[in-house]
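Trainee: The structure file work22.cif (mmCIF, C-alpha atoms and all ligand atoms) is provided below.
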data_final
loop_
_atom_site.label_atom_id
_atom_site.label_comp_id
_atom_site.auth_asym_id
_atom_site.auth_seq_id
_atom_site.Cartn_x
_atom_site.Cartn_y
_atom_site.Cartn_z
CA PRO H 8 0.00 0.00 0.00
CA TYR H 9 1.11 3.51 -0.79
CA ASN H 10 1.48 5.78 2.21
CA GLY H 11 3.19 8.77 0.60
CA PRO H 12 1.78 12.22 -0.16
CA SER H 13 -1.19 12.52 -2.54
CA ALA H 14 -0.76 13.28 -6.25
CA ASP H 15 -2.33 16.72 -5.66
CA GLU H 16 0.21 17.50 -2.96
CA ILE H 17 3.13 16.49 -5.19
CA LEU H 18 1.76 18.50 -8.10
CA ARG H 19 1.32 21.56 -5.89
CA LYS H 20 4.96 21.38 -4.76
CA ARG H 21 6.22 20.78 -8.29
CA LYS H 22 4.42 23.94 -9.37
CA GLU H 23 5.80 25.97 -6.52
CA PHE H 24 9.39 24.74 -6.32
CA LEU H 25 10.42 23.27 -9.66
CA SER H 26 11.19 24.93 -12.97
CA PRO H 27 8.02 25.86 -14.88
CA SER H 28 9.59 24.20 -17.93
CA MET H 29 9.39 20.74 -16.38
CA PHE H 30 6.81 18.52 -17.98
CA TYR H 31 5.64 15.05 -17.16
CA PHE H 32 3.76 12.45 -19.10
CA TYR H 33 1.30 11.19 -16.60
CA GLU H 34 -0.63 13.69 -14.58
CA LYS H 35 -2.48 12.17 -11.69
CA ILE H 36 -1.47 8.57 -11.78
CA ARG H 37 -3.76 7.18 -9.11
CA ASN H 38 -2.13 6.21 -5.85
CA GLY H 39 -2.37 2.55 -4.92
CA ARG H 40 -3.36 1.50 -8.45
CA ARG H 41 -1.29 -0.96 -10.53
CA TYR H 42 -0.09 0.14 -13.96
CA LEU H 43 1.70 -1.78 -16.67
CA ASP H 44 4.67 0.32 -17.77
CA ALA H 45 5.11 0.04 -21.51
CA PHE H 46 7.34 3.11 -21.73
CA GLY H 47 10.03 2.31 -19.15
CA GLY H 48 11.18 5.89 -18.79
CA ILE H 49 11.82 6.13 -22.57
CA ALA H 50 13.73 2.87 -22.91
CA THR H 51 15.60 3.56 -19.68
CA VAL H 52 14.34 0.72 -17.52
CA SER H 53 16.10 -2.16 -19.23
CA CYS H 54 15.77 -5.02 -16.77
CA GLY H 55 12.62 -3.99 -14.88
CA HIS H 56 11.90 -1.40 -12.21
CA CYS H 57 14.05 -1.84 -9.09
CA HIS H 58 15.54 -5.14 -10.26
CA PRO H 59 16.88 -6.73 -7.03
CA ASP H 60 20.33 -7.51 -8.51
CA VAL H 61 20.79 -3.90 -9.59
CA VAL H 62 19.46 -2.54 -6.30
CA ASP H 63 21.82 -4.84 -4.36
CA ALA H 64 24.78 -3.75 -6.46
CA ILE H 65 23.97 -0.09 -5.78
CA VAL H 66 23.38 -0.58 -2.06
CA ASN H 67 26.48 -2.70 -1.51
CA GLN H 68 28.76 -0.34 -3.39
CA THR H 69 27.25 2.66 -1.60
CA LYS H 70 28.35 1.14 1.70
CA HIS H 71 31.97 0.93 0.55
CA LEU H 72 32.90 3.78 -1.75
CA GLN H 73 30.69 6.20 -3.66
CA HIS H 74 33.25 8.53 -5.12
CA SER H 75 35.32 8.94 -7.27
CA THR H 76 36.85 8.03 -10.58
CA ILE H 77 39.92 10.18 -10.20
CA LEU H 78 40.82 10.14 -6.52
CA TYR H 79 40.75 6.55 -5.35
CA LEU H 80 41.64 3.39 -7.20
CA ASN H 81 38.65 1.06 -7.40
CA ASN H 82 37.69 -1.95 -9.45
CA ALA H 83 34.03 -1.09 -10.12
CA ILE H 84 34.94 1.20 -13.01
CA THR H 85 37.52 -1.13 -14.57
CA ASP H 86 35.31 -4.21 -14.23
CA PHE H 87 32.44 -2.50 -15.96
CA ALA H 88 34.64 -0.92 -18.65
CA GLU H 89 36.06 -4.36 -19.46
CA ALA H 90 32.59 -5.96 -19.59
CA LEU H 91 31.24 -3.15 -21.75
CA ALA H 92 34.17 -3.25 -24.17
CA SER H 93 33.62 -6.98 -24.60
CA LYS H 94 30.15 -6.23 -26.00
CA LEU H 95 31.52 -4.01 -28.77
CA PRO H 96 33.10 -5.08 -32.05
CA GLY H 97 36.51 -4.32 -33.53
CA ASP H 98 38.74 -1.73 -31.90
CA LEU H 99 35.95 -0.14 -29.91
CA LYS H 100 37.64 -0.84 -26.63
CA VAL H 101 38.23 2.44 -24.78
CA VAL H 102 35.46 3.65 -22.48
CA PHE H 103 34.75 7.10 -21.03
CA PHE H 104 31.97 7.30 -18.49
CA THR H 105 29.61 10.24 -18.16
CA ASN H 106 26.44 11.01 -16.22
CA SER H 107 24.00 11.35 -19.09
CA GLY H 108 23.40 10.87 -22.80
CA THR H 109 23.89 14.58 -23.45
CA GLU H 110 27.34 14.48 -21.85
CA ALA H 111 28.27 11.35 -23.77
CA ASN H 112 27.29 12.93 -27.09
CA GLU H 113 29.00 16.22 -26.25
CA LEU H 114 32.20 14.31 -25.58
CA ALA H 115 31.87 12.25 -28.75
CA ILE H 116 31.40 15.38 -30.85
CA MET H 117 34.38 17.10 -29.25
CA MET H 118 36.59 14.05 -29.80
CA ALA H 119 35.56 13.84 -33.45
CA ARG H 120 36.35 17.53 -33.92
CA LEU H 121 39.73 17.18 -32.23
CA TYR H 122 40.61 14.01 -34.11
CA THR H 123 39.74 15.32 -37.56
CA GLY H 124 40.60 18.99 -37.09
CA CYS H 125 37.21 19.78 -38.69
CA HIS H 126 34.19 21.45 -37.17
CA ASP H 127 31.32 20.41 -39.43
CA ILE H 128 28.99 17.67 -38.30
CA ILE H 129 26.21 15.99 -40.27
CA SER H 130 23.21 14.82 -38.26
CA LEU H 131 19.65 13.97 -39.18
CA ARG H 132 16.52 16.05 -39.19
CA ASN H 133 14.20 14.76 -36.48
CA ALA H 134 17.13 13.53 -34.37
CA TYR H 135 17.50 14.04 -30.63
CA HIS H 136 21.00 13.97 -29.19
CA GLY H 137 20.81 16.15 -26.09
CA ASN H 138 20.37 19.68 -24.81
CA ALA H 139 23.82 21.22 -24.32
CA ALA H 140 25.60 23.42 -26.89
CA ALA H 141 26.86 20.88 -29.41
CA THR H 142 24.13 18.31 -28.87
CA MET H 143 21.34 20.85 -29.20
CA SER H 144 22.96 21.80 -32.50
CA THR H 145 22.87 18.21 -33.72
CA THR H 146 19.31 17.73 -32.50
CA GLY H 147 17.04 18.23 -35.49
CA GLN H 148 13.67 19.29 -34.08
CA SER H 149 12.64 22.88 -33.31
CA VAL H 150 10.66 21.76 -30.27
CA TRP H 151 13.88 20.76 -28.50
CA LYS H 152 15.91 23.81 -29.49
CA PHE H 153 16.37 27.24 -27.96
CA ASN H 154 17.46 30.35 -29.76
CA VAL H 155 21.10 30.22 -28.72
CA VAL H 156 24.19 29.95 -30.89
CA GLN H 157 24.34 26.56 -32.61
CA SER H 158 27.08 26.16 -35.14
CA GLY H 159 28.65 23.79 -37.59
CA VAL H 160 25.86 21.27 -37.99
CA HIS H 161 24.11 20.30 -41.22
CA HIS H 162 20.90 18.31 -40.94
CA ALA H 163 20.37 15.66 -43.58
CA ILE H 164 16.92 14.56 -44.68
CA ASN H 165 15.53 12.01 -42.29
CA PRO H 166 15.37 8.56 -43.86
CA ASP H 167 11.79 7.96 -42.85
CA PRO H 168 10.11 5.22 -44.88
CA TYR H 169 6.63 6.42 -43.88
CA ARG H 170 6.82 10.20 -44.32
CA GLY H 171 10.25 10.81 -45.83
CA VAL H 172 10.40 12.49 -49.25
CA PHE H 173 12.35 9.53 -50.69
CA GLY H 174 10.22 6.83 -49.07
CA SER H 175 12.36 3.74 -48.47
CA ASP H 176 15.01 4.62 -51.06
CA GLY H 177 18.17 4.54 -48.92
CA GLU H 178 20.43 5.64 -51.77
CA LYS H 179 18.62 8.95 -52.15
CA TYR H 180 18.94 9.75 -48.44
CA ALA H 181 22.63 8.85 -48.59
CA LYS H 182 23.02 11.17 -51.60
CA ASP H 183 21.62 14.00 -49.48
CA VAL H 184 24.42 13.39 -46.97
CA GLU H 185 26.94 13.54 -49.83
CA ASP H 186 25.37 16.74 -51.15
CA LEU H 187 25.51 18.38 -47.73
CA ILE H 188 29.22 17.58 -47.58
CA GLN H 189 29.83 18.88 -51.11
CA PHE H 190 27.72 22.03 -50.95
CA GLY H 191 27.63 22.94 -47.26
CA THR H 192 31.17 22.22 -46.06
CA SER H 193 34.78 22.46 -47.23
CA GLY H 194 34.46 18.88 -48.38
CA ARG H 195 35.89 17.67 -45.08
CA VAL H 196 33.76 16.94 -42.04
CA ALA H 197 34.28 15.91 -38.42
CA ALA H 198 31.49 13.40 -38.10
CA PHE H 199 28.15 11.94 -39.00
CA MET H 200 26.04 11.47 -35.91
CA SER H 201 22.86 9.44 -35.94
CA GLU H 202 20.69 7.49 -33.59
CA ALA H 203 21.62 4.02 -34.69
CA ILE H 204 17.99 3.31 -35.05
CA GLN H 205 15.54 6.12 -35.06
CA LEU H 206 12.10 4.63 -34.87
CA ASN H 207 11.78 5.46 -38.54
CA TRP H 208 15.28 4.67 -39.76
CA LEU H 209 14.81 0.95 -39.67
CA GLN H 210 14.54 -0.09 -43.27
CA VAL H 211 17.29 2.11 -44.60
CA THR H 212 20.89 1.06 -44.62
CA CYS H 213 23.57 3.10 -42.89
CA LEU H 214 26.38 1.84 -45.09
CA LEU H 215 26.13 4.50 -47.78
CA PRO H 216 26.17 7.62 -45.61
CA TYR H 217 28.93 6.04 -43.53
CA SER H 218 31.17 5.63 -46.55
CA ALA H 219 30.43 9.18 -47.84
CA VAL H 220 31.36 10.63 -44.45
CA ARG H 221 34.52 8.55 -44.18
CA LYS H 222 35.55 9.65 -47.66
CA ALA H 223 35.29 13.22 -46.37
CA GLY H 224 37.60 12.35 -43.47
CA GLY H 225 34.81 12.18 -40.90
CA LEU H 226 34.06 9.76 -38.10
CA CYS H 227 30.77 7.93 -37.67
CA ILE H 228 29.12 8.32 -34.29
CA ALA H 229 26.29 5.97 -33.32
CA ASP H 230 23.98 7.29 -30.61
CA GLU H 231 22.80 4.14 -28.85
CA VAL H 232 21.10 5.95 -25.99
CA GLN H 233 17.75 4.35 -26.82
CA SER H 234 18.60 1.52 -29.18
CA GLY H 235 21.43 -0.13 -27.25
CA PHE H 236 21.51 -2.74 -24.51
CA ALA H 237 19.55 -5.48 -26.28
CA ARG H 238 16.49 -3.36 -26.91
CA THR H 239 16.16 -4.20 -30.60
CA GLY H 240 16.16 -7.90 -29.73
CA SER H 241 17.88 -9.22 -32.83
CA HIS H 242 21.09 -7.46 -31.81
CA PHE H 243 22.68 -5.98 -28.72
CA TRP H 244 23.40 -2.64 -30.45
CA GLY H 245 21.18 -0.82 -32.88
CA PHE H 246 23.99 -0.27 -35.39
CA GLU H 247 24.46 -4.04 -35.72
CA ASN H 248 21.06 -4.14 -37.41
CA GLN H 249 22.59 -2.12 -40.22
CA GLY H 250 25.83 -4.00 -40.67
CA VAL H 251 28.10 -1.07 -39.83
CA VAL H 252 30.80 -0.53 -37.24
CA PRO H 253 30.90 3.08 -36.00
CA ASP H 254 34.05 4.88 -34.84
CA ILE H 255 32.42 6.17 -31.67
CA VAL H 256 29.43 4.74 -29.82
CA THR H 257 27.51 6.68 -27.17
CA MET H 258 25.09 5.27 -24.64
CA ALA H 259 23.01 6.16 -21.58
CA LYS H 260 19.47 5.39 -20.33
CA GLY H 261 19.24 1.57 -20.44
CA ILE H 262 22.90 1.19 -19.44
CA GLY H 263 22.00 1.85 -15.79
CA ASN H 264 18.33 0.83 -15.49
CA GLY H 265 17.53 4.32 -14.22
CA ILE H 266 20.75 5.30 -12.43
CA PRO H 267 22.52 8.35 -13.94
CA LEU H 268 25.14 6.83 -16.21
CA GLY H 269 26.35 7.33 -19.75
CA ALA H 270 29.36 6.20 -21.75
CA VAL H 271 31.38 6.85 -24.88
CA VAL H 272 33.26 3.94 -26.40
CA THR H 273 35.85 4.44 -29.10
CA THR H 274 39.16 3.17 -30.45
CA PRO H 275 42.52 3.70 -28.68
CA GLU H 276 43.66 5.95 -31.53
CA ILE H 277 40.69 8.29 -31.30
CA ALA H 278 40.75 8.19 -27.48
CA GLU H 279 44.28 9.64 -27.58
CA VAL H 280 42.96 13.09 -28.50
CA LEU H 281 41.87 13.68 -24.92
CA CYS H 282 45.49 13.44 -23.77
CA HIS H 283 46.28 16.74 -25.50
CA SER H 284 44.91 18.51 -22.46
CA ASN H 285 43.33 17.45 -19.15
CA TYR H 286 39.97 15.77 -19.22
CA PHE H 287 37.95 14.47 -16.29
CA ASN H 288 34.39 14.11 -15.12
CA THR H 289 33.80 14.30 -11.34
CA PHE H 290 30.90 11.89 -11.14
CA GLY H 291 31.24 10.09 -14.47
CA GLY H 292 32.21 6.49 -13.80
CA ASN H 293 31.75 6.64 -10.03
CA PRO H 294 31.74 3.21 -8.40
CA VAL H 295 28.04 3.21 -7.49
CA CYS H 296 26.87 3.88 -11.03
CA THR H 297 29.39 1.57 -12.66
CA SER H 298 28.45 -1.22 -10.22
CA ALA H 299 24.85 -0.71 -11.30
CA GLY H 300 25.93 -0.84 -14.95
CA LEU H 301 27.74 -4.13 -14.48
CA ALA H 302 24.73 -5.59 -12.67
CA VAL H 303 22.47 -4.52 -15.57
CA LEU H 304 24.74 -6.22 -18.11
CA ARG H 305 24.73 -9.41 -16.06
CA VAL H 306 20.94 -9.38 -15.68
CA ILE H 307 20.50 -8.90 -19.44
CA GLU H 308 22.67 -11.97 -19.98
CA LYS H 309 21.39 -14.10 -17.09
CA GLU H 310 17.74 -13.53 -17.93
CA ASN H 311 18.17 -13.71 -21.72
CA LEU H 312 16.57 -10.32 -22.09
CA GLN H 313 17.83 -9.81 -25.64
CA GLU H 314 16.10 -12.98 -26.77
CA ASN H 315 13.03 -11.93 -24.79
CA ALA H 316 13.01 -8.51 -26.46
CA HIS H 317 13.13 -10.28 -29.82
CA VAL H 318 10.37 -12.80 -29.09
CA VAL H 319 7.98 -10.57 -27.17
CA GLY H 320 8.75 -7.53 -29.35
CA SER H 321 8.00 -9.46 -32.56
CA TYR H 322 4.79 -10.78 -31.04
CA LEU H 323 3.71 -7.31 -29.89
CA LYS H 324 4.51 -5.84 -33.29
CA GLU H 325 2.28 -8.47 -34.93
CA ARG H 326 -0.55 -7.59 -32.58
CA LEU H 327 -0.05 -3.89 -33.35
CA MET H 328 -0.13 -4.62 -37.09
CA ALA H 329 -3.48 -6.39 -36.54
CA ILE H 330 -4.72 -3.27 -34.75
CA LYS H 331 -3.61 -1.24 -37.76
CA ASN H 332 -5.70 -3.49 -40.00
CA LYS H 333 -8.71 -2.96 -37.77
CA HIS H 334 -8.48 0.77 -36.98
CA GLU H 335 -8.21 3.39 -39.73
CA ILE H 336 -6.57 5.79 -37.29
CA VAL H 337 -3.34 3.77 -37.27
CA GLY H 338 -1.18 4.99 -40.15
CA ASP H 339 2.04 3.14 -39.41
CA VAL H 340 3.50 0.54 -37.08
CA ARG H 341 7.29 0.39 -36.95
CA GLY H 342 10.27 -0.64 -34.92
CA ARG H 343 12.14 -3.67 -33.83
CA GLY H 344 12.30 -5.67 -30.62
CA LEU H 345 10.93 -3.63 -27.75
CA LEU H 346 11.51 -0.31 -29.52
CA LEU H 347 8.17 0.15 -31.26
CA GLY H 348 6.19 3.07 -32.66
CA VAL H 349 2.54 3.44 -33.65
CA GLU H 350 1.72 6.56 -35.68
CA LEU H 351 -1.86 7.84 -35.65
CA VAL H 352 -3.44 9.80 -38.52
CA THR H 353 -6.94 11.11 -39.17
CA ASP H 354 -6.55 10.42 -42.89
CA ARG H 355 -4.39 7.58 -44.13
CA LYS H 356 -3.85 9.08 -47.59
CA LEU H 357 -2.99 12.58 -46.42
CA LYS H 358 -1.25 11.24 -43.27
CA THR H 359 -2.82 14.04 -41.25
CA PRO H 360 -1.38 13.77 -37.72
CA ALA H 361 -4.04 12.69 -35.19
CA LYS H 362 -2.54 14.71 -32.37
CA ALA H 363 -5.62 15.22 -30.20
CA GLU H 364 -6.72 11.62 -30.71
CA THR H 365 -3.28 10.35 -29.68
CA LEU H 366 -3.57 12.21 -26.38
CA HIS H 367 -7.10 11.01 -25.88
CA ILE H 368 -6.27 7.35 -26.54
CA MET H 369 -3.19 7.60 -24.35
CA ASP H 370 -5.38 8.91 -21.55
CA LYS H 371 -7.94 6.14 -22.02
CA MET H 372 -5.15 3.56 -21.96
CA LYS H 373 -3.87 5.03 -18.73
CA ASP H 374 -7.37 4.77 -17.24
CA MET H 375 -7.32 1.09 -18.17
CA GLY H 376 -3.92 0.64 -16.50
CA VAL H 377 -1.40 0.86 -19.35
CA LEU H 378 1.27 3.54 -19.68
CA VAL H 379 2.64 4.18 -23.16
CA GLY H 380 4.79 7.08 -24.30
CA LYS H 381 3.97 9.77 -26.82
CA GLY H 382 6.43 11.31 -29.22
CA GLY H 383 7.20 12.22 -32.78
CA PHE H 384 7.69 15.74 -34.08
CA ARG H 385 3.91 16.04 -34.55
CA GLY H 386 2.97 14.48 -31.21
CA ASN H 387 1.06 11.64 -32.88
CA VAL H 388 3.24 8.59 -32.28
CA PHE H 389 2.91 6.10 -29.45
CA ARG H 390 6.30 5.01 -28.25
CA ILE H 391 6.35 1.54 -26.79
CA THR H 392 9.64 0.87 -25.03
CA PRO H 393 8.86 -1.31 -22.02
CA PRO H 394 11.35 -2.98 -19.71
CA LEU H 395 12.99 -5.88 -21.55
CA CYS H 396 11.44 -8.40 -19.14
CA PHE H 397 8.02 -7.71 -20.70
CA THR H 398 6.02 -10.93 -21.16
CA LYS H 399 3.65 -12.05 -23.92
CA GLU H 400 0.79 -11.54 -21.45
CA ASP H 401 1.96 -7.96 -20.92
CA ALA H 402 2.09 -7.49 -24.70
CA ASP H 403 -1.47 -8.84 -25.00
CA PHE H 404 -2.64 -6.48 -22.29
CA VAL H 405 -1.11 -3.47 -24.09
CA ALA H 406 -2.62 -4.52 -27.42
CA ASP H 407 -6.07 -5.31 -25.96
CA VAL H 408 -6.20 -2.02 -24.11
CA MET H 409 -5.06 -0.05 -27.20
CA ASP H 410 -7.64 -1.85 -29.35
CA CYS H 411 -10.36 -1.10 -26.79
CA ALA H 412 -9.37 2.58 -26.45
CA MET H 413 -9.37 2.98 -30.24
CA SER H 414 -12.76 1.27 -30.58
CA LYS H 415 -14.28 3.88 -28.30
CA ILE H 416 -12.97 6.94 -30.10
N1 LIG Z 1 20.28 10.63 -27.40
C1 LIG Z 1 19.07 10.07 -27.49
C2 LIG Z 1 18.78 9.17 -28.67
C3 LIG Z 1 18.09 10.29 -26.52
O1 LIG Z 1 16.91 9.72 -26.62
C4 LIG Z 1 18.41 11.13 -25.43
C5 LIG Z 1 17.39 11.41 -24.34
N2 LIG Z 1 16.07 11.41 -24.72
C6 LIG Z 1 19.70 11.69 -25.36
C7 LIG Z 1 20.59 11.42 -26.36
C8 LIG Z 1 20.09 12.59 -24.23
O2 LIG Z 1 20.20 11.86 -23.05
P1 LIG Z 1 20.09 12.56 -21.62
O3 LIG Z 1 18.65 12.99 -21.45
O4 LIG Z 1 20.50 11.47 -20.66
O5 LIG Z 1 21.02 13.71 -21.59
#
Translate this structure into structure tokens?
Ligand code: PMP
Mentor:
Amino acid sequence: PYNGPSADEILRKRKEFLSPSMFYFYEKIRNGRRYLDAFGGIATVSCGHCHPDVVDAIVNQTKHLQHSTILYLNNAITDFAEALASKLPGDLKVVFFTNSGTEANELAIMMARLYTGCHDIISLRNAYHGNAAATMSTTGQSVWKFNVVQSGVHHAINPDPYRGVFGSDGEKYAKDVEDLIQFGTSGRVAAFMSEAIQLNWLQVTCLLPYSAVRKAGGLCIADEVQSGFARTGSHFWGFENQGVVPDIVTMAKGIGNGIPLGAVVTTPEIAEVLCHSNYFNTFGGNPVCTSAGLAVLRVIEKENLQENAHVVGSYLKERLMAIKNKHEIVGDVRGRGLLLGVELVTDRKLKTPAKAETLHIMDKMKDMGVLVGKGGFRGNVFRITPPLCFTKEDADFVADVMDCAMSKI
């Protein structure tokens, strides 16, 4: 039973003491009521809320040493770095820990700029990479940008098979990357940064833009903040779905099951650039967070969560496709593993975003006990990114509730 303060009390204090810019997805979740979480803090909860192994790792480490990476020698950081490096291909063996995805991407961008001696970065329209100076520049959506100086980034056309101007023609999207390099830069670039799998990037190969960028001297950075850590089911990393090996991989969210932790993994040669001056991060890689990270990796392996994401995710996607066949309002179902999207439209031909309806259905689903996320530039896409321990029964519950909420609209 829940004995804490009421939702009204918490909301009142949020209003009074927290930044007015803070938003939240679920107003007035009812106290004492059970909900099925099909959003998992935007793909953050990888092995389930408060997984006992992760909690134990955090508690035990907290009792011994909480801080720090630079002052005291400890094995938590090296053990996790070794385990993490073993999950990555090729020369991707050097790990830098951060506290968030934004920090990881900022560091990756800086390293690419230092390594290549170039400033220009190519990223994708519709991308999200963070909210500090360089990452806000690479982010490609006005709703996540402020009017502050953002320089040196060129946004390529998003390879979106559903709405993109070139449909599923990967070569045309890759040509746009080449054109940006030819017409918008000196012909040399620092990097191409992309979410290894944007919800809508799935059917388009990464190989072509990667080779165009490398020809221009640039590095390829894969942002695995949402798509990493077994979420896509078929592979541990999103980029593996596309048959590429990036030069720098960034991660956060699912790496720590909710604890603040991020990482950049790259090759020894690229990592060298940070020796040109002093680089450190006070909390990045602290023993408590890295112990949590190691516990998460072990749980993913011990409980076969990658396989589970594949099996349950494929099953859920099938059920969502059946819902699409039944309800006109569903324009597109996409994704892989437990990284799924359902786009709602009021007119399938015109693809008119069903923004109000999305909110309404989301609310009805919440009333029936299911929490899904909402996203997309137009606010009309359900994001389904549950903990990777989701069961088929959970998937059925989500699909039944969605079907029911759509039938009532
Ligand atoms: N990259 C991606 C793909 C993300 O989804 C996010 C967070 N939504 C970030 C980077 C930034 O991570 P953080 O919020 O931890 O700074």
Trainee: What is the CA of Gly194 (chain H)-CA of Ser144 (chain H) distance in Å, reported with one decimal?
Mentor: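 CA of Gly194 (chain H) sits 19.8 Å away from CA of Ser144 (chain H).
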Trainee: Using only C-alpha atoms and all ligand atoms, determine which residues fall within 7 Å of ligand LIG 1 (chain Z), then list them as a ChimeraX atom specification.
Mentor: /H:107-110,112,135-138,202,230-233,259-260
Trainee: Output C-alpha atoms for every residue in that selection, as a PDB file, in the coordinates of the input.
Mentor:
ATOM      1  CA  SER H 107      24.000  11.350 -19.090  1.00  0.00           C
ATOM      2  CA  GLY H 108      23.400  10.870 -22.800  1.00  0.00           C
ATOM      3  CA  THR H 109      23.890  14.580 -23.450  1.00  0.00           C
ATOM      4  CA  GLU H 110      27.340  14.480 -21.850  1.00  0.00           C
ATOM      5  CA  ASN H 112      27.290  12.930 -27.090  1.00  0.00           C
ATOM      6  CA  TYR H 135      17.500  14.040 -30.630  1.00  0.00           C
ATOM      7  CA  HIS H 136      21.000  13.970 -29.190  1.00  0.00           C
ATOM      8  CA  GLY H 137      20.810  16.150 -26.090  1.00  0.00           C
ATOM      9  CA  ASN H 138      20.370  19.680 -24.810  1.00  0.00           C
ATOM     10  CA  GLU H 202      20.690   7.490 -33.590  1.00  0.00           C
ATOM     11  CA  ASP H 230      23.980   7.290 -30.610  1.00  0.00           C
ATOM     12  CA  GLU H 231      22.800   4.140 -28.850  1.00  0.00           C
ATOM     13  CA  VAL H 232      21.100   5.950 -25.990  1.00  0.00           C
ATOM     14  CA  GLN H 233      17.750   4.350 -26.820  1.00  0.00           C
ATOM     15  CA  ALA H 259      23.010   6.160 -21.580  1.00  0.00           C
ATOM     16  CA  LYS H 260      19.470   5.390 -20.330  1.00  0.00           C
TER      17      LYS H 260
END
Trainee: Any idea what the distance is between CA of Phe404 (chain H) and CA of Glu310 (chain H)?
Mentor: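 Those two atoms sit 22.0 Å apart.
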Trainee: For region 90-95 of chain H, list every protein, DNA or RNA residue within 12 Å, evaluated using all atoms listed in the file, and leave out those in the same chain fewer than 2 positions away; present the list as a short mmCIF file (atom, residue, chain, number, x, y, z; two decimals) with C-alpha atoms, in the frame of the given file.
Mentor:
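Output saved as around.cif:
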data_model
loop_
_atom_site.label_atom_id
_atom_site.label_comp_id
_atom_site.auth_asym_id
_atom_site.auth_seq_id
_atom_site.Cartn_x
_atom_site.Cartn_y
_atom_site.Cartn_z
CA ALA H 83 34.03 -1.09 -10.12
CA ILE H 84 34.94 1.20 -13.01
CA THR H 85 37.52 -1.13 -14.57
CA ASP H 86 35.31 -4.21 -14.23
CA PHE H 87 32.44 -2.50 -15.96
CA ALA H 88 34.64 -0.92 -18.65
CA GLY H 97 36.51 -4.32 -33.53
CA ASP H 98 38.74 -1.73 -31.90
CA LEU H 99 35.95 -0.14 -29.91
CA LYS H 100 37.64 -0.84 -26.63
CA VAL H 101 38.23 2.44 -24.78
CA VAL H 102 35.46 3.65 -22.48
CA PHE H 103 34.75 7.10 -21.03
CA PHE H 104 31.97 7.30 -18.49
CA GLU H 231 22.80 4.14 -28.85
CA GLY H 235 21.43 -0.13 -27.25
CA PHE H 236 21.51 -2.74 -24.51
CA ALA H 237 19.55 -5.48 -26.28
CA HIS H 242 21.09 -7.46 -31.81
CA PHE H 243 22.68 -5.98 -28.72
CA TRP H 244 23.40 -2.64 -30.45
CA GLY H 245 21.18 -0.82 -32.88
CA PHE H 246 23.99 -0.27 -35.39
CA GLU H 247 24.46 -4.04 -35.72
CA VAL H 251 28.10 -1.07 -39.83
CA VAL H 252 30.80 -0.53 -37.24
CA PRO H 253 30.90 3.08 -36.00
CA ASP H 254 34.05 4.88 -34.84
CA ILE H 255 32.42 6.17 -31.67
CA VAL H 256 29.43 4.74 -29.82
CA THR H 257 27.51 6.68 -27.17
CA MET H 258 25.09 5.27 -24.64
CA ILE H 262 22.90 1.19 -19.44
CA GLY H 269 26.35 7.33 -19.75
CA ALA H 270 29.36 6.20 -21.75
CA VAL H 271 31.38 6.85 -24.88
CA VAL H 272 33.26 3.94 -26.40
CA THR H 273 35.85 4.44 -29.10
CA THR H 274 39.16 3.17 -30.45
CA PRO H 275 42.52 3.70 -28.68
CA THR H 297 29.39 1.57 -12.66
CA SER H 298 28.45 -1.22 -10.22
CA GLY H 300 25.93 -0.84 -14.95
CA LEU H 301 27.74 -4.13 -14.48
CA ALA H 302 24.73 -5.59 -12.67
CA VAL H 303 22.47 -4.52 -15.57
CA LEU H 304 24.74 -6.22 -18.11
CA ARG H 305 24.73 -9.41 -16.06
CA ILE H 307 20.50 -8.90 -19.44
CA GLU H 308 22.67 -11.97 -19.98
#
Trainee: Mind running region 208-307 of chain H against region 321-339 of chain H at 12 Å and telling me each contacting residue's nearest atom pair with the distance in Å (one decimal), counting only C-alpha atoms, chain and number ascending, as a Markdown table?
Mentor:
| residue | atom | partner | partner_atom | distance |
| --- | --- | --- | --- | --- |
| H:Arg238 | CA | H:Ser321 | CA | 11.9 |
| H:Thr239 | CA | H:Ser321 | CA | 9.9 |
| H:Gly240 | CA | H:Ser321 | CA | 8.8 |
| H:Ser241 | CA | H:Ser321 | CA | 9.9 |
Trainee: Grab the CA of Ala299 (chain H) to CA of Gly320 (chain H) distance for me, in Å with one decimal place.
Mentor: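 If I compute the distance from CA of Ala299 (chain H) to CA of Gly320 (chain H), I get 25.1 Å.
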Trainee: Residues within 10 Å of region 283-287 of chain H, please, as a short mmCIF file (atom, residue, chain, number, x, y, z; two decimals) with C-alpha atoms, in the coordinates of the input. Count only C-alpha atoms; anything in the same chain fewer than 2 positions from it doesn't count.
Mentor:
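And here's around20.cif as it stands now:
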data_model
loop_
_atom_site.label_atom_id
_atom_site.label_comp_id
_atom_site.auth_asym_id
_atom_site.auth_seq_id
_atom_site.Cartn_x
_atom_site.Cartn_y
_atom_site.Cartn_z
CA THR H 76 36.85 8.03 -10.58
CA ILE H 77 39.92 10.18 -10.20
CA PHE H 103 34.75 7.10 -21.03
CA PHE H 104 31.97 7.30 -18.49
CA THR H 105 29.61 10.24 -18.16
CA LEU H 121 39.73 17.18 -32.23
CA GLU H 279 44.28 9.64 -27.58
CA VAL H 280 42.96 13.09 -28.50
CA LEU H 281 41.87 13.68 -24.92
CA THR H 289 33.80 14.30 -11.34
CA PHE H 290 30.90 11.89 -11.14
CA GLY H 291 31.24 10.09 -14.47
#
Trainee: Could you pull the residues within 9 Å of region 379-381 of chain H, counting all atoms listed in the file, minus those fewer than 2 positions along the same chain, as a list of chain:residue names?
Mentor: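 Listing them by chain and then by number gives H:Phe32, H:Leu43, H:Asp44, H:Ala45, H:Phe46, H:Gly47, H:Gly48, H:Ile49, H:Thr365, H:Leu366, H:Met369, H:Met372, H:Lys373, H:Val377, H:Gly383, H:Gly386, H:Asn387, H:Val388, H:Phe389, H:Arg390, H:Ile391, H:Thr392, H:Pro393, H:Val405.
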